[in-house]
Amino acid sequence: MPASVPTHLTIPAIGVSTSLERLDLGAGRVMQPPKDPDKAGWFRKGPTPGTRGPAVLAGHVTWNQRKAVFFRLAQLKPGQDIQVARADGRTARFTVTRVAQYPKESFPSIEVYRNLDYAGLRLITCGGAYSGSRHSYSDNVVVYARLASRS
């Protein structure tokens, strides 16, 4: 597919339907999370969903002790459907290939962000144990998906 900014994410299996914020790099060259806990965001420094490479979308799992947009992300299973509507009016449909959880201190950046010879999608949120004193989770959950069709 040609490049086109993603506008909406739908994940039927876990009840996600959200518009998308644009995400950038923040301090320490780390991807900034979405500002709105009820929205996911697209990392605009990477490919757009449907083009070759790993398009990256991120969202919060919780916010101020309540469920956020990606609260159920870790429940996704291989074979399930993810749809990304784009500004050009087309929809990129992805199929989940695997779900993984990694400690934040050993997050596999190369595996997640590396070049691909196909159109891929990565969905990222927090997971693992929550530390109230640090206001953060110990891990990240990453959903890996591959373009299945386009319309």
# chains A, B, ... in the order shown; residues from 1 in each chain; ligands from 1

$ closest_atom_pairs --of "stretch 29-72 of chain A" --to "stretch 96-119 of chain A" --cutoff "9 Å" --atoms "only C-alpha atoms" --output "JSON lines"
{"residue": "A:Gly46", "atom": "CA", "partner": "A:Tyr113", "partner_atom": "CA", "distance": 8.3}
{"residue": "A:Pro47", "atom": "CA", "partner": "A:Ala119", "partner_atom": "CA", "distance": 8.7}
{"residue": "A:Pro49", "atom": "CA", "partner": "A:Ala119", "partner_atom": "CA", "distance": 7.2}
{"residue": "A:Gly50", "atom": "CA", "partner": "A:Ala119", "partner_atom": "CA", "distance": 5.4}
{"residue": "A:Thr51", "atom": "CA", "partner": "A:Ala119", "partner_atom": "CA", "distance": 5.2}
{"residue": "A:Arg52", "atom": "CA", "partner": "A:Ala119", "partner_atom": "CA", "distance": 4.1}
{"residue": "A:Gly53", "atom": "CA", "partner": "A:Leu116", "partner_atom": "CA", "distance": 4.6}
{"residue": "A:Pro54", "atom": "CA", "partner": "A:Tyr113", "partner_atom": "CA", "distance": 6.1}
{"residue": "A:Ala55", "atom": "CA", "partner": "A:Ala119", "partner_atom": "CA", "distance": 7.7}
{"residue": "A:Val56", "atom": "CA", "partner": "A:Tyr113", "partner_atom": "CA", "distance": 8.0}

$ closest_atom_pairs --of "stretch 37-151 of chain A" --to "stretch 2-6 of chain A" --cutoff "9 Å" --atoms "only C-alpha atoms" --output "JSON lines"
{"residue": "A:Trp42", "atom": "CA", "partner": "A:Pro6", "partner_atom": "CA", "distance": 7.3}
{"residue": "A:Arg44", "atom": "CA", "partner": "A:Val5", "partner_atom": "CA", "distance": 8.4}
{"residue": "A:Pro47", "atom": "CA", "partner": "A:Ala3", "partner_atom": "CA", "distance": 7.6}
{"residue": "A:Thr48", "atom": "CA", "partner": "A:Ala3", "partner_atom": "CA", "distance": 5.7}
{"residue": "A:Pro49", "atom": "CA", "partner": "A:Pro6", "partner_atom": "CA", "distance": 6.6}
{"residue": "A:Gly50", "atom": "CA", "partner": "A:Ala3", "partner_atom": "CA", "distance": 7.5}
{"residue": "A:Thr51", "atom": "CA", "partner": "A:Ala3", "partner_atom": "CA", "distance": 6.0}
{"residue": "A:Val84", "atom": "CA", "partner": "A:Pro6", "partner_atom": "CA", "distance": 6.5}
{"residue": "A:Ala85", "atom": "CA", "partner": "A:Pro6", "partner_atom": "CA", "distance": 5.8}
{"residue": "A:Arg86", "atom": "CA", "partner": "A:Pro6", "partner_atom": "CA", "distance": 4.1}
{"residue": "A:Ala87", "atom": "CA", "partner": "A:Val5", "partner_atom": "CA", "distance": 5.4}
{"residue": "A:Asp88", "atom": "CA", "partner": "A:Ser4", "partner_atom": "CA", "distance": 6.0}
{"residue": "A:Arg90", "atom": "CA", "partner": "A:Ser4", "partner_atom": "CA", "distance": 8.8}
{"residue": "A:Thr91", "atom": "CA", "partner": "A:Pro6", "partner_atom": "CA", "distance": 8.9}

$ write_last_selection --atoms "C-alpha atoms" --output "PDB file, in the first residue's frame"
ATOM      1  CA  TRP A  42       0.994   5.936  15.878  1.00  0.00           C
ATOM      2  CA  ARG A  44       5.161   8.805  13.117  1.00  0.00           C
ATOM      3  CA  PRO A  47       6.229   3.290   8.432  1.00  0.00           C
ATOM      4  CA  THR A  48       2.510   3.887   8.044  1.00  0.00           C
ATOM      5  CA  PRO A  49       0.323   0.800   8.508  1.00  0.00           C
ATOM      6  CA  GLY A  50       0.132  -1.144   5.259  1.00  0.00           C
ATOM      7  CA  THR A  51       3.533  -0.064   3.908  1.00  0.00           C
ATOM      8  CA  VAL A  84      -6.249   0.251  10.742  1.00  0.00           C
ATOM      9  CA  ALA A  85      -8.215   2.904   8.834  1.00  0.00           C
ATOM     10  CA  ARG A  86      -6.041   5.357   6.942  1.00  0.00           C
ATOM     11  CA  ALA A  87      -6.391   8.964   5.741  1.00  0.00           C
ATOM     12  CA  ASP A  88      -6.578   7.767   2.118  1.00  0.00           C
ATOM     13  CA  ARG A  90      -8.343   2.506   2.747  1.00  0.00           C
ATOM     14  CA  THR A  91      -8.154  -0.017   5.572  1.00  0.00           C
TER      15      THR A  91
END

$ residues_around --residues "A:Pro37" --least-positions-apart "3" --cutoff "12 Å" --atoms "only C-alpha atoms" --output "MDAnalysis selection string"
chainID A and resid 18:21 33:34 40:41 58:71 125

$ write_last_selection --atoms "C-alpha atoms" --output "PDB file, in the first residue's frame"
ATOM      1  CA  THR A  18      -9.981   4.342  18.865  1.00  0.00           C
ATOM      2  CA  SER A  19      -8.806   7.313  16.894  1.00  0.00           C
ATOM      3  CA  LEU A  20      -5.028   7.699  16.798  1.00  0.00           C
ATOM      4  CA  GLU A  21      -2.694  10.368  18.111  1.00  0.00           C
ATOM      5  CA  PRO A  33       3.121   7.506  24.955  1.00  0.00           C
ATOM      6  CA  PRO A  34      -0.275   8.909  23.952  1.00  0.00           C
ATOM      7  CA  ALA A  40      -3.767   4.733  20.943  1.00  0.00           C
ATOM      8  CA  GLY A  41      -1.060   6.508  19.008  1.00  0.00           C
ATOM      9  CA  ALA A  58       1.168   2.289  21.341  1.00  0.00           C
ATOM     10  CA  GLY A  59      -1.360   2.819  24.112  1.00  0.00           C
ATOM     11  CA  HIS A  60      -1.707   2.811  27.873  1.00  0.00           C
ATOM     12  CA  VAL A  61      -2.846  -0.296  29.762  1.00  0.00           C
ATOM     13  CA  THR A  62      -4.106   1.701  32.774  1.00  0.00           C
ATOM     14  CA  TRP A  63      -4.226   5.350  33.809  1.00  0.00           C
ATOM     15  CA  ASN A  64      -4.840   6.608  37.349  1.00  0.00           C
ATOM     16  CA  GLN A  65      -5.913   3.126  38.443  1.00  0.00           C
ATOM     17  CA  ARG A  66      -8.513   2.675  35.698  1.00  0.00           C
ATOM     18  CA  LYS A  67      -8.513   0.646  32.496  1.00  0.00           C
ATOM     19  CA  ALA A  68      -7.083   2.386  29.433  1.00  0.00           C
ATOM     20  CA  VAL A  69      -7.329   1.676  25.688  1.00  0.00           C
ATOM     21  CA  PHE A  70      -4.922  -1.319  25.620  1.00  0.00           C
ATOM     22  CA  PHE A  71      -6.052  -2.874  28.924  1.00  0.00           C
ATOM     23  CA  THR A 125       1.647  -1.344  25.958  1.00  0.00           C
TER      24      THR A 125
END

$ closest_residue --among "A:Ser138, A:Ser131, A:Met1, A:Leu76" --to "A:Val16" --atoms "only C-alpha atoms"
A:Leu76

$ closest_residue --among "A:Gly89, A:Gly132, A:Gly127, A:Gly120" --to "A:His8" --atoms "only C-alpha atoms"
A:Gly89

$ select_by_dssp --residues "stretch 55-124 of chain A" --states "strand (DSSP E or B)" --output "PDB file with C-alpha atoms, in the first residue's frame"
ATOM      1  CA  ALA A  55       4.285   0.286  11.775  1.00  0.00           C
ATOM      2  CA  VAL A  56       4.127   0.910  15.537  1.00  0.00           C
ATOM      3  CA  LEU A  57       1.040   1.805  17.577  1.00  0.00           C
ATOM      4  CA  ALA A  58       1.168   2.289  21.341  1.00  0.00           C
ATOM      5  CA  THR A  62      -4.106   1.701  32.774  1.00  0.00           C
ATOM      6  CA  TRP A  63      -4.226   5.350  33.809  1.00  0.00           C
ATOM      7  CA  ARG A  66      -8.513   2.675  35.698  1.00  0.00           C
ATOM      8  CA  LYS A  67      -8.513   0.646  32.496  1.00  0.00           C
ATOM      9  CA  ASP A  81      -7.863  -9.463  13.315  1.00  0.00           C
ATOM     10  CA  ILE A  82      -6.615  -5.864  13.641  1.00  0.00           C
ATOM     11  CA  GLN A  83      -7.903  -3.108  11.334  1.00  0.00           C
ATOM     12  CA  VAL A  84      -6.249   0.251  10.742  1.00  0.00           C
ATOM     13  CA  ALA A  85      -8.215   2.904   8.834  1.00  0.00           C
ATOM     14  CA  ARG A  86      -6.041   5.357   6.942  1.00  0.00           C
ATOM     15  CA  THR A  91      -8.154  -0.017   5.572  1.00  0.00           C
ATOM     16  CA  ALA A  92      -5.111  -2.173   6.311  1.00  0.00           C
ATOM     17  CA  ARG A  93      -6.174  -5.477   7.875  1.00  0.00           C
ATOM     18  CA  PHE A  94      -3.597  -7.331   9.922  1.00  0.00           C
ATOM     19  CA  THR A  95      -3.505 -10.791  11.471  1.00  0.00           C
ATOM     20  CA  VAL A  96      -1.864 -11.300  14.870  1.00  0.00           C
ATOM     21  CA  THR A  97       1.142 -13.632  14.563  1.00  0.00           C
ATOM     22  CA  ARG A  98       2.276 -13.611  18.202  1.00  0.00           C
ATOM     23  CA  VAL A  99       2.093 -11.806  21.527  1.00  0.00           C
ATOM     24  CA  ALA A 100       5.165 -11.397  23.737  1.00  0.00           C
ATOM     25  CA  GLN A 101       6.010  -9.802  27.076  1.00  0.00           C
ATOM     26  CA  TYR A 102       9.459  -8.377  27.821  1.00  0.00           C
ATOM     27  CA  PRO A 103      11.058  -6.798  30.906  1.00  0.00           C
ATOM     28  CA  ALA A 119       4.000  -4.802   5.969  1.00  0.00           C
ATOM     29  CA  GLY A 120       3.998  -5.482   9.699  1.00  0.00           C
ATOM     30  CA  LEU A 121       2.326  -3.975  12.715  1.00  0.00           C
ATOM     31  CA  ARG A 122       3.482  -3.738  16.329  1.00  0.00           C
ATOM     32  CA  LEU A 123       1.120  -2.829  19.160  1.00  0.00           C
ATOM     33  CA  ILE A 124       2.870  -1.895  22.407  1.00  0.00           C
TER      34      ILE A 124
END

$ residues_around --residues "stretch 24-28 of chain A" --least-positions-apart "2" --cutoff "7 Å" --atoms "only C-alpha atoms" --output "JSON, numbers by chain"
{"A": [22, 30, 31, 32, 43, 44, 45]}
